[in-house]
$ cat query_32.tsv   # TSV, C-alpha atoms
chain	number	residue	atom	x	y	z
A	1	MET	CA	24.91	1.52	-27.85
A	2	PRO	CA	23.03	0.45	-24.70
A	3	PRO	CA	21.07	-2.83	-24.86
A	4	PRO	CA	17.30	-2.62	-25.48
A	5	THR	CA	15.42	-2.06	-22.23
A	6	ASN	CA	13.50	-5.33	-22.61
A	7	THR	CA	16.76	-7.31	-22.40
A	8	VAL	CA	18.31	-5.55	-19.39
A	9	PRO	CA	18.36	-7.89	-16.35
A	10	LEU	CA	16.50	-6.57	-13.32
A	11	ARG	CA	18.25	-5.52	-10.12
A	12	ILE	CA	15.30	-5.30	-7.76
A	13	ALA	CA	14.87	-3.52	-4.44
A	14	PHE	CA	11.76	-5.12	-2.91
A	15	PHE	CA	10.04	-2.99	-0.25
A	16	GLY	CA	7.69	-4.82	2.11
A	17	SER	CA	6.65	-5.53	5.68
A	18	ASP	CA	3.69	-7.85	6.33
A	19	HIS	CA	2.37	-11.31	5.41
A	20	PHE	CA	0.75	-9.96	2.23
A	21	SER	CA	4.15	-8.83	0.96
A	22	CYS	CA	5.69	-12.22	1.87
A	23	GLU	CA	3.71	-13.94	-0.86
A	24	SER	CA	5.01	-11.54	-3.54
A	25	LEU	CA	8.57	-11.91	-2.26
A	26	LYS	CA	8.38	-15.72	-2.39
A	27	ARG	CA	6.98	-15.73	-5.94
A	28	LEU	CA	9.54	-13.15	-7.04
A	29	HIS	CA	12.40	-15.17	-5.56
A	30	GLN	CA	11.16	-18.30	-7.31
A	31	PHE	CA	10.96	-16.34	-10.58
A	32	SER	CA	14.51	-15.04	-10.11
A	33	VAL	CA	15.83	-18.59	-9.66
A	34	GLN	CA	14.00	-19.96	-12.70
A	35	THR	CA	14.89	-17.18	-15.15
A	36	ASN	CA	17.81	-14.97	-16.13
A	37	GLN	CA	15.49	-11.95	-16.17
A	38	VAL	CA	16.42	-11.04	-12.57
A	39	GLU	CA	20.06	-10.36	-11.79
A	40	SER	CA	19.67	-9.49	-8.10
A	41	LEU	CA	16.94	-9.26	-5.46
A	42	HIS	CA	17.27	-7.40	-2.14
A	43	LEU	CA	14.68	-6.74	0.54
A	44	VAL	CA	14.25	-3.25	1.98
A	45	THR	CA	12.12	-2.96	5.11
A	46	ARG	CA	11.85	-0.72	8.14
A	47	SER	CA	13.77	-0.85	11.40
A	48	ILE	CA	12.27	-2.89	14.21
A	49	LYS	CA	10.57	-0.63	16.75
A	50	PRO	CA	10.03	-1.57	20.42
A	51	THR	CA	6.43	-2.38	21.33
A	52	GLY	CA	4.42	-3.69	24.27
A	53	ARG	CA	4.59	-2.70	27.90
A	54	LYS	CA	7.57	-0.49	28.68
A	55	LEU	CA	8.61	-0.83	25.01
A	56	LYS	CA	10.71	-3.91	25.74
A	57	GLN	CA	9.40	-6.20	23.01
A	58	PHE	CA	10.94	-6.28	19.53
A	59	ILE	CA	8.96	-8.04	16.79
A	60	GLU	CA	10.56	-8.67	13.41
A	61	TYR	CA	8.60	-7.92	10.24
A	62	PRO	CA	7.25	-11.10	8.60
A	63	VAL	CA	8.83	-10.21	5.26
A	64	ALA	CA	12.29	-9.96	6.87
A	65	ILE	CA	11.85	-13.42	8.38
A	66	GLU	CA	10.88	-14.75	4.95
A	67	ALA	CA	13.86	-13.03	3.30
A	68	SER	CA	16.18	-14.64	5.84
A	69	LYS	CA	14.80	-18.10	4.94
A	70	LEU	CA	15.45	-17.38	1.25
A	71	ASN	CA	18.93	-15.90	1.84
A	72	ILE	CA	17.85	-12.56	0.42
A	73	PRO	CA	19.93	-9.56	1.64
A	74	VAL	CA	17.98	-7.26	3.99
A	75	HIS	CA	18.34	-3.48	4.30
A	76	ARG	CA	16.60	-1.11	6.74
A	77	VAL	CA	15.31	2.33	5.79
A	78	ASP	CA	13.08	4.69	7.78
A	79	THR	CA	13.66	8.18	6.38
A	80	SER	CA	14.48	9.67	2.99
A	81	PRO	CA	18.24	10.07	3.68
A	82	HIS	CA	18.49	6.32	4.33
A	83	PHE	CA	17.69	5.71	0.66
A	84	HIS	CA	20.98	7.26	-0.39
A	85	GLY	CA	22.70	4.22	1.10
A	86	LEU	CA	20.94	2.01	-1.42
A	87	GLN	CA	22.45	3.78	-4.43
A	88	SER	CA	25.63	1.69	-4.30
A	89	TYR	CA	23.67	-1.47	-5.19
A	90	ASN	CA	22.78	-0.03	-8.60
A	91	PHE	CA	19.14	-1.12	-8.47
A	92	ASN	CA	17.11	-0.47	-11.60
A	93	MET	CA	13.63	-1.34	-10.27
A	94	ALA	CA	11.69	-0.93	-7.01
A	95	ILE	CA	8.78	-3.15	-6.08
A	96	ALA	CA	6.70	-2.02	-3.10
A	97	VAL	CA	4.14	-4.34	-1.49
A	98	SER	CA	2.59	-3.12	1.79
A	99	PHE	CA	5.69	-1.11	2.65
A	100	GLY	CA	3.62	1.62	4.29
A	101	LYS	CA	5.81	4.54	3.23
A	102	LEU	CA	6.26	6.49	0.01
A	103	ILE	CA	9.40	5.64	-1.92
A	104	PRO	CA	11.15	9.03	-2.32
A	105	ARG	CA	11.09	10.67	-5.71
A	106	HIS	CA	14.91	10.97	-5.87
A	107	PHE	CA	15.24	7.19	-5.46
A	108	LEU	CA	12.53	6.31	-7.98
A	109	GLU	CA	13.99	8.67	-10.56
A	110	SER	CA	17.39	6.96	-10.20
A	111	LEU	CA	15.87	3.63	-11.34
A	112	GLN	CA	15.82	2.76	-15.03
A	113	PHE	CA	12.43	1.04	-14.73
A	114	GLY	CA	10.92	3.04	-11.88
A	115	GLY	CA	8.71	1.12	-9.51
A	116	LEU	CA	5.80	-1.31	-9.26
A	117	ASN	CA	3.24	-1.85	-6.53
A	118	VAL	CA	0.94	-4.78	-5.72
A	119	HIS	CA	-2.30	-3.53	-4.11
A	120	PRO	CA	-4.99	-5.81	-2.62
A	121	SER	CA	-8.06	-4.28	-4.25
A	122	LEU	CA	-9.56	-3.59	-7.66
A	123	LEU	CA	-8.23	-0.04	-7.97
A	124	PRO	CA	-9.31	2.67	-7.86
A	125	LYS	CA	-11.74	1.05	-5.41
A	126	TYR	CA	-10.27	1.02	-1.89
A	127	SER	CA	-7.22	3.12	-2.60
A	128	GLY	CA	-5.37	3.66	0.64
A	129	ALA	CA	-3.91	1.79	3.58
A	130	SER	CA	-6.70	-0.66	4.53
A	131	PRO	CA	-8.34	-2.25	1.46
A	132	ILE	CA	-8.70	-5.76	2.93
A	133	GLN	CA	-10.30	-4.45	6.12
A	134	TYR	CA	-12.78	-2.29	4.22
A	135	ALA	CA	-13.80	-5.11	1.88
A	136	LEU	CA	-14.64	-7.22	4.93
A	137	MET	CA	-16.28	-4.47	6.99
A	138	ASN	CA	-18.50	-3.54	4.05
A	139	ASP	CA	-19.36	-7.23	3.58
A	140	ASP	CA	-18.34	-7.09	-0.08
A	141	LYS	CA	-18.97	-10.18	-2.15
A	142	TYR	CA	-15.77	-9.88	-4.16
A	143	THR	CA	-12.43	-8.10	-4.35
A	144	GLY	CA	-9.17	-8.52	-6.29
A	145	VAL	CA	-5.58	-7.38	-6.82
A	146	THR	CA	-3.98	-4.65	-8.94
A	147	VAL	CA	-0.41	-4.15	-10.14
A	148	GLN	CA	0.34	-0.46	-10.73
A	149	THR	CA	3.35	1.77	-11.22
A	150	LEU	CA	4.68	3.69	-8.23
A	151	HIS	CA	3.79	7.37	-8.10
A	152	PRO	CA	6.56	9.60	-6.66
A	153	THR	CA	4.32	11.79	-4.48
A	154	LYS	CA	1.14	9.89	-3.54
A	155	PHE	CA	-0.10	6.42	-2.71
A	156	ASP	CA	-2.10	4.50	-5.34
A	157	GLY	CA	-1.66	7.22	-7.93
A	158	GLY	CA	0.22	5.19	-10.53
A	159	ASP	CA	-0.87	3.63	-13.81
A	160	ILE	CA	-2.64	0.28	-13.67
A	161	LEU	CA	-0.61	-2.33	-15.58
A	162	LEU	CA	-2.50	-5.50	-14.65
A	163	GLN	CA	-5.67	-6.29	-12.69
A	164	SER	CA	-7.15	-9.58	-11.57
A	165	ASP	CA	-10.66	-10.87	-12.18
A	166	LYS	CA	-13.12	-10.61	-9.30
A	167	ILE	CA	-12.20	-12.90	-6.41
A	168	SER	CA	-15.09	-14.01	-4.19
A	169	ILE	CA	-15.02	-13.20	-0.49
A	170	ASP	CA	-16.40	-16.20	1.35
A	171	GLN	CA	-18.84	-15.92	4.23
A	172	GLU	CA	-16.24	-17.30	6.63
A	173	ASP	CA	-13.29	-15.26	5.35
A	174	ASN	CA	-11.50	-13.07	7.86
A	175	TYR	CA	-8.49	-10.77	7.52
A	176	THR	CA	-5.96	-13.62	7.75
A	177	SER	CA	-7.62	-15.87	5.17
A	178	LEU	CA	-8.36	-13.04	2.73
A	179	GLU	CA	-4.85	-11.62	3.09
A	180	LYS	CA	-3.39	-15.02	2.19
A	181	LYS	CA	-5.75	-15.49	-0.75
A	182	LEU	CA	-4.98	-12.04	-2.17
A	183	GLY	CA	-1.29	-12.34	-1.35
A	184	GLU	CA	-0.93	-15.48	-3.43
A	185	LEU	CA	-2.85	-13.88	-6.29
A	186	GLY	CA	-0.76	-10.71	-6.01
A	187	GLY	CA	2.46	-12.69	-6.25
A	188	SER	CA	1.24	-14.39	-9.41
A	189	LEU	CA	0.19	-11.08	-11.00
A	190	LEU	CA	3.54	-9.52	-10.12
A	191	VAL	CA	5.47	-12.33	-11.81
A	192	GLN	CA	3.17	-12.10	-14.84
A	193	THR	CA	3.87	-8.37	-15.05
A	194	LEU	CA	7.61	-9.04	-15.04
A	195	ARG	CA	7.50	-12.02	-17.37
A	196	GLU	CA	5.48	-10.01	-19.91
A	197	LYS	CA	7.82	-7.02	-19.36
A	198	ARG	CA	4.94	-4.60	-18.92
A	199	TYR	CA	7.35	-2.33	-17.04
A	200	SER	CA	9.50	-1.85	-20.14
A	201	ASP	CA	6.90	-0.06	-22.25
A	202	PRO	CA	3.99	0.59	-19.85
A	203	LYS	CA	0.52	0.56	-21.38
A	204	PRO	CA	-1.94	1.74	-18.70
A	205	LEU	CA	-5.24	-0.12	-18.37
A	206	ASN	CA	-8.56	1.58	-17.72
A	207	SER	CA	-10.44	0.28	-14.69
A	208	SER	CA	-14.24	0.22	-14.56
A	209	TYR	CA	-14.36	0.26	-10.76
A	210	PRO	CA	-15.39	3.43	-8.90
A	211	TYR	CA	-12.95	5.30	-6.70
A	212	SER	CA	-13.20	4.89	-2.94
A	213	TYR	CA	-10.75	5.52	-0.14
A	214	ALA	CA	-9.79	2.98	2.54
A	215	ARG	CA	-8.20	5.15	5.22
A	216	LYS	CA	-5.84	3.81	7.84
A	217	ILE	CA	-7.60	1.83	10.56
A	218	THR	CA	-7.57	3.38	14.06
A	219	PRO	CA	-8.38	1.78	17.45
A	220	LYS	CA	-11.73	3.60	17.40
A	221	ASP	CA	-12.81	1.48	14.42
A	222	ALA	CA	-12.94	-1.61	16.66
A	223	GLU	CA	-15.67	-0.07	18.85
A	224	ILE	CA	-19.05	-1.86	18.66
A	225	LYS	CA	-22.38	-0.15	18.05
A	226	TRP	CA	-25.08	-2.55	19.23
A	227	SER	CA	-27.61	-0.79	16.98
A	228	ASN	CA	-25.78	-2.39	14.03
A	229	THR	CA	-26.80	-5.79	12.69
A	230	ALA	CA	-25.16	-8.99	13.94
A	231	ARG	CA	-23.56	-9.44	10.52
A	232	GLN	CA	-22.10	-5.91	10.51
A	233	ILE	CA	-20.49	-6.43	13.90
A	234	LYS	CA	-19.26	-9.91	12.99
A	235	ARG	CA	-17.71	-8.52	9.79
A	236	LYS	CA	-15.97	-5.81	11.84
A	237	TYR	CA	-14.52	-8.59	14.00
A	238	ASP	CA	-13.48	-10.56	10.89
A	239	ALA	CA	-11.67	-7.49	9.55
A	240	LEU	CA	-10.04	-6.14	12.71
A	241	GLY	CA	-9.74	-9.02	15.15
A	242	LYS	CA	-10.72	-8.26	18.74
A	243	VAL	CA	-13.44	-5.62	19.11
A	244	TYR	CA	-14.63	-3.76	22.18
A	245	THR	CA	-17.67	-2.35	23.94
A	246	TRP	CA	-18.33	-0.57	27.26
A	247	LYS	CA	-19.94	-1.46	30.58
A	248	TRP	CA	-20.85	0.58	33.64
A	249	VAL	CA	-19.32	-1.00	36.76
A	250	GLU	CA	-19.34	-0.12	40.43
A	251	VAL	CA	-15.81	0.50	41.72
A	252	LYS	CA	-14.70	0.89	45.34
A	253	LYS	CA	-12.29	3.78	45.78
A	254	LYS	CA	-9.86	4.11	48.67
A	255	ASN	CA	-11.07	7.57	49.69
A	256	SER	CA	-14.78	6.98	49.11
A	257	LYS	CA	-17.29	5.18	51.30
A	258	GLU	CA	-19.70	4.57	48.43
A	259	PRO	CA	-18.88	2.72	45.20
A	260	VAL	CA	-18.29	4.93	42.15
A	261	SER	CA	-19.75	4.15	38.73
A	262	GLU	CA	-17.13	3.97	35.96
A	263	LEU	CA	-17.41	3.11	32.28
A	264	HIS	CA	-14.94	0.30	31.56
A	265	ARG	CA	-13.80	-1.04	28.22
A	266	VAL	CA	-14.65	-4.69	27.53
A	267	ILE	CA	-12.77	-6.50	24.75
A	268	LEU	CA	-14.58	-9.35	23.01
A	269	ASP	CA	-13.09	-12.28	21.10
A	270	ASP	CA	-14.20	-15.67	19.71
A	271	ILE	CA	-17.36	-14.17	18.17
A	272	ARG	CA	-20.22	-15.79	16.24
A	273	ASP	CA	-23.36	-14.21	14.79
A	274	HIS	CA	-26.88	-15.61	15.19
A	275	ARG	CA	-30.34	-14.73	13.89
A	276	ASP	CA	-32.12	-15.79	17.09
A	277	ASN	CA	-32.77	-13.11	19.74
A	278	TYR	CA	-32.72	-15.65	22.62
A	279	GLY	CA	-35.36	-13.66	24.47
A	280	LEU	CA	-33.31	-10.43	24.47
A	281	THR	CA	-35.12	-7.26	23.42
A	282	GLU	CA	-32.77	-4.25	23.66
A	283	PRO	CA	-29.48	-3.95	21.74
A	284	GLY	CA	-26.60	-4.39	24.18
A	285	ASN	CA	-28.52	-6.69	26.56
A	286	TYR	CA	-26.79	-10.00	27.20
A	287	VAL	CA	-27.52	-13.40	28.74
A	288	PHE	CA	-25.29	-16.39	29.48
A	289	ARG	CA	-26.29	-19.75	28.03
A	290	ASP	CA	-24.59	-22.82	26.57
A	291	ASP	CA	-21.14	-21.67	27.78
A	292	ARG	CA	-21.31	-18.43	25.75
A	293	LEU	CA	-22.44	-14.86	26.28
A	294	TYR	CA	-25.24	-13.88	23.87
A	295	ILE	CA	-25.59	-10.14	23.16
A	296	LYS	CA	-28.55	-8.51	21.42
A	297	THR	CA	-27.92	-6.59	18.19
A	298	ALA	CA	-30.32	-4.75	15.87
A	299	ASP	CA	-31.55	-7.95	14.22
A	300	GLY	CA	-30.21	-10.92	16.17
A	301	THR	CA	-27.39	-11.73	18.56
A	302	LEU	CA	-23.66	-12.20	18.80
A	303	SER	CA	-22.19	-14.85	21.04
A	304	VAL	CA	-18.71	-14.55	22.56
A	305	ASN	CA	-16.54	-16.81	24.66
A	306	LYS	CA	-13.46	-14.66	25.38
A	307	ILE	CA	-13.84	-11.46	27.37
A	308	LYS	CA	-11.33	-9.00	28.81
A	309	GLN	CA	-12.75	-6.28	31.01
A	310	GLN	CA	-10.58	-3.28	31.83
A	311	TYR	CA	-8.17	-4.07	34.72
A	312	HIS	CA	-8.85	-7.81	34.38
A	313	ASN	CA	-7.18	-10.66	32.51
A	314	GLU	CA	-8.89	-12.30	29.58
A	315	GLU	CA	-11.38	-14.95	30.71
A	316	THR	CA	-14.09	-17.23	29.38
A	317	ALA	CA	-17.73	-16.20	29.26
A	318	GLN	CA	-18.40	-18.60	32.14
A	319	SER	CA	-15.73	-16.98	34.31
A	320	TYR	CA	-16.91	-13.48	33.43
A	321	CYS	CA	-20.52	-14.27	34.34
A	322	ASN	CA	-19.45	-15.86	37.60
A	323	ARG	CA	-18.13	-12.41	38.55
A	324	ARG	CA	-20.65	-10.14	36.85
A	325	GLY	CA	-23.84	-12.19	36.72
A	326	THR	CA	-25.53	-14.05	33.86
A	327	ASN	CA	-27.57	-11.05	32.65
A	328	GLY	CA	-26.50	-7.49	31.94
A	329	PHE	CA	-26.03	-4.68	29.47
A	330	PHE	CA	-23.18	-3.41	27.32
A	331	GLN	CA	-23.10	0.27	26.40
A	332	SER	CA	-22.87	1.61	22.85
A	333	PRO	CA	-20.83	4.78	22.19
$ encode --input "query_32.tsv" --output "structure tokens"
Amino acid sequence: MPPPTNTVPLRIAFFGSDHFSCESLKRLHQFSVQTNQVESLHLVTRSIKPTGRKLKQFIEYPVAIEASKLNIPVHRVDTSPHFHGLQSYNFNMAIAVSFGKLIPRHFLESLQFGGLNVHPSLLPKYSGASPIQYALMNDDKYTGVTVQTLHPTKFDGGDILLQSDKISIDQEDNYTSLEKKLGELGGSLLVQTLREKRYSDPKPLNSSYPYSYARKITPKDAEIKWSNTARQIKRKYDALGKVYTWKWVEVKKKNSKEPVSELHRVILDDIRDHRDNYGLTEPGNYVFRDDRLYIKTADGTLSVNKIKQQYHNEETAQSYCNRRGTNGFFQSP
């Protein structure tokens, strides 16, 4: 007679990639050391892809770096056939945290306890790939973390097993700080789910939060509309990092006697929001003062100190204005 499912030690394949998944992996490793509930723990992540100019740069996934520090075995999978190579390890549970790909049905169905997922939102709110970014861009006052089962054919379609209380989003939170805050909470909820063996006899919880979809972020999302409020644009920057706008510039062409007007992308960084208009009247107008560039929004201004115009290196606001003048206008889409 096989042992009861609640006494079977776990042989876990942990699927992850980013800093958010690192927190769950660290807590899970600590749990495996402190208890006999986990027999083995392996990391499964994706292959390193070349990036940067001429595709010569290879950047390791943060979770693989963390696994190496903890002496956790690392496996690479990119397509469904690669999962067949994991069968020999006799895993009985998958845990996916920001893996970014669906775990194939054939692999999940081979696991005695199926799979779990840690998601950084109060599901079903912000189902999808970008819950942290959307919480910041929408200037939400709170968010949270959910542990759910893995669905074999769609993201965020499993049963909710555990959900955190509301976690406040501070005025100064950005993606990095909120990711860390939710990552630590997610790791704690994951360990609680395992310790209480909610995977053994799942009892789905009902969530009172409304459904919304947080689609994958694209480069277009970082484009600024100066008709938005200063807070809206600042929150976009908090969520996405560097944002961009446009500026008409006069360019001398080799085969033209007269300069040609071109619309160039201008990337902005080191951004603050202000209520004062500083004498500016039209959204997109800017003026240089106090070592920063102040740009008019719908209800106030943004100030920036790092600027990268198309075909130029990143420079300070002072350097930019030395070239372009201390007053000007940025174009909205």
$ residues_around --input "query_32.tsv" --residues "stretch 90-94 of chain A" --least-positions-apart "4" --cutoff "6 Å" --atoms "all atoms listed in the file" --output "PyMOL selection string"
chain A and resi 11-14+111-115
$ residues_around --input "query_32.tsv" --residues "A:Ser303" --least-positions-apart "6" --cutoff "12 Å" --atoms "all atoms listed in the file" --output "ChimeraX atom specification"
/A:230-231,233-234,268-278,284-297,316-317
$ closest_residue --input "query_32.tsv" --among "A:Val97, A:Val266, A:Ile167, A:Leu123" --to "A:Gln310" --atoms "all atoms listed in the file"
A:Val266
$ residues_around --input "query_32.tsv" --residues "A:Gly183" --least-positions-apart "4" --cutoff "7 Å" --atoms "all atoms listed in the file" --output "ChimeraX atom specification"
/A:20-21,23-24,179,187
$ closest_residue --input "query_32.tsv" --among "A:Thr301, A:Gln133, A:Gln57, A:Ser110" --to "A:Ile217" --atoms "only C-alpha atoms"
A:Gln133
$ residues_near_point --input "query_32.tsv" --point "(-6.8, 5.9, 5.4)" --cutoff "8 Å" --atoms "all atoms listed in the file" --output "PDB file with C-alpha atoms, in the frame of the given file"
ATOM      1  CA  GLY A 128      -5.370   3.660   0.640  1.00  0.00           C
ATOM      2  CA  ALA A 129      -3.910   1.790   3.580  1.00  0.00           C
ATOM      3  CA  SER A 130      -6.700  -0.660   4.530  1.00  0.00           C
ATOM      4  CA  TYR A 213     -10.750   5.520  -0.140  1.00  0.00           C
ATOM      5  CA  ALA A 214      -9.790   2.980   2.540  1.00  0.00           C
ATOM      6  CA  ARG A 215      -8.200   5.150   5.220  1.00  0.00           C
ATOM      7  CA  LYS A 216      -5.840   3.810   7.840  1.00  0.00           C
ATOM      8  CA  ILE A 217      -7.600   1.830  10.560  1.00  0.00           C
TER       9      ILE A 217
END
$ atom_distance --input "query_32.tsv" --atom1 "atom CA of A:Thr193" --atom2 "atom CA of A:Arg27"
12.1 Å
$ closest_residue --input "query_32.tsv" --among "A:Gly100, A:Asn255, A:Asp139, A:Ile267" --to "A:Lys154" --atoms "all atoms listed in the file"
A:Gly100
$ closest_atom_pairs --input "query_32.tsv" --of "stretch 83-133 of chain A" --to "stretch 61-69 of chain A" --cutoff "12 Å" --atoms "all atoms listed in the file" --output "Markdown table"
| residue | atom | partner | partner_atom | distance |
| --- | --- | --- | --- | --- |
| A:Ala96 | CA | A:Val63 | CA | 11.9 |
| A:Val97 | CA | A:Val63 | CA | 10.1 |
| A:Ser98 | CA | A:Val63 | CA | 10.1 |
| A:Phe99 | CA | A:Val63 | CA | 10.0 |
$ residues_around --input "query_32.tsv" --residues "A:Glu196" --least-positions-apart "6" --cutoff "12 Å" --atoms "all atoms listed in the file" --output "ChimeraX atom specification"
/A:6-7,37,161-162,189-190,202-203
$ atom_distance --input "query_32.tsv" --atom1 "atom CA of A:Ser17" --atom2 "atom CA of A:Ser40"
19.4 Å
$ decode --input "query_32.tsv" --residues "stretch 129-137 of chain A" --atoms "all heavy atoms" --output "mmCIF file, in the first residue's frame"
data_model
loop_
_atom_site.group_PDB
_atom_site.id
_atom_site.type_symbol
_atom_site.label_atom_id
_atom_site.label_comp_id
_atom_site.auth_asym_id
_atom_site.auth_seq_id
_atom_site.Cartn_x
_atom_site.Cartn_y
_atom_site.Cartn_z
ATOM 1 N N ALA A 129 1.208 38.846 -17.385
ATOM 2 C CA ALA A 129 2.670 38.887 -17.298
ATOM 3 C C ALA A 129 3.235 40.058 -16.505
ATOM 4 O O ALA A 129 4.389 40.012 -16.088
ATOM 5 C CB ALA A 129 3.265 38.915 -18.717
ATOM 6 N N SER A 130 2.440 41.131 -16.275
ATOM 7 C CA SER A 130 3.039 42.370 -15.747
ATOM 8 C C SER A 130 2.273 42.958 -14.566
ATOM 9 O O SER A 130 1.954 44.152 -14.563
ATOM 10 C CB SER A 130 3.121 43.397 -16.878
ATOM 11 O OG SER A 130 3.710 42.859 -18.041
ATOM 12 N N PRO A 131 1.972 42.174 -13.543
ATOM 13 C CA PRO A 131 1.144 42.689 -12.445
ATOM 14 C C PRO A 131 1.807 43.798 -11.642
ATOM 15 O O PRO A 131 1.129 44.733 -11.202
ATOM 16 C CB PRO A 131 0.880 41.455 -11.588
ATOM 17 C CG PRO A 131 1.999 40.513 -11.920
ATOM 18 C CD PRO A 131 2.312 40.744 -13.352
ATOM 19 N N ILE A 132 3.111 43.717 -11.416
ATOM 20 C CA ILE A 132 3.791 44.751 -10.627
ATOM 21 C C ILE A 132 3.793 46.071 -11.386
ATOM 22 O O ILE A 132 3.523 47.140 -10.824
ATOM 23 C CB ILE A 132 5.224 44.313 -10.269
ATOM 24 C CG1 ILE A 132 5.202 43.043 -9.415
ATOM 25 C CG2 ILE A 132 5.962 45.428 -9.534
ATOM 26 C CD1 ILE A 132 6.575 42.483 -9.073
ATOM 27 N N GLN A 133 4.085 46.012 -12.684
ATOM 28 C CA GLN A 133 4.096 47.232 -13.493
ATOM 29 C C GLN A 133 2.726 47.900 -13.513
ATOM 30 O O GLN A 133 2.620 49.124 -13.385
ATOM 31 C CB GLN A 133 4.548 46.918 -14.925
ATOM 32 C CG GLN A 133 6.003 46.469 -15.039
ATOM 33 C CD GLN A 133 6.155 44.966 -15.020
ATOM 34 O OE1 GLN A 133 5.407 44.270 -14.317
ATOM 35 N NE2 GLN A 133 7.095 44.449 -15.789
ATOM 36 N N TYR A 134 1.670 47.109 -13.662
ATOM 37 C CA TYR A 134 0.329 47.689 -13.745
ATOM 38 C C TYR A 134 -0.100 48.297 -12.410
ATOM 39 O O TYR A 134 -0.768 49.335 -12.382
ATOM 40 C CB TYR A 134 -0.681 46.644 -14.210
ATOM 41 C CG TYR A 134 -0.793 46.576 -15.716
ATOM 42 C CD1 TYR A 134 0.215 46.011 -16.482
ATOM 43 C CD2 TYR A 134 -1.882 47.120 -16.375
ATOM 44 C CE1 TYR A 134 0.135 45.971 -17.860
ATOM 45 C CE2 TYR A 134 -1.976 47.090 -17.752
ATOM 46 C CZ TYR A 134 -0.958 46.511 -18.493
ATOM 47 O OH TYR A 134 -1.033 46.486 -19.861
ATOM 48 N N ALA A 135 0.259 47.664 -11.311
ATOM 49 C CA ALA A 135 -0.086 48.231 -10.004
ATOM 50 C C ALA A 135 0.548 49.604 -9.828
ATOM 51 O O ALA A 135 -0.072 50.526 -9.282
ATOM 52 C CB ALA A 135 0.359 47.285 -8.896
ATOM 53 N N LEU A 136 1.787 49.753 -10.303
ATOM 54 C CA LEU A 136 2.467 51.041 -10.202
ATOM 55 C C LEU A 136 1.920 52.049 -11.206
ATOM 56 O O LEU A 136 1.638 53.204 -10.861
ATOM 57 C CB LEU A 136 3.968 50.853 -10.413
ATOM 58 C CG LEU A 136 4.726 50.186 -9.257
ATOM 59 C CD1 LEU A 136 6.109 49.751 -9.703
ATOM 60 C CD2 LEU A 136 4.827 51.137 -8.061
ATOM 61 N N MET A 137 1.740 51.634 -12.457
ATOM 62 C CA MET A 137 1.260 52.568 -13.482
ATOM 63 C C MET A 137 -0.142 53.086 -13.166
ATOM 64 O O MET A 137 -0.469 54.225 -13.485
ATOM 65 C CB MET A 137 1.278 51.900 -14.865
ATOM 66 C CG MET A 137 2.671 51.680 -15.417
ATOM 67 S SD MET A 137 2.702 51.218 -17.168
ATOM 68 C CE MET A 137 1.918 49.617 -17.117
#
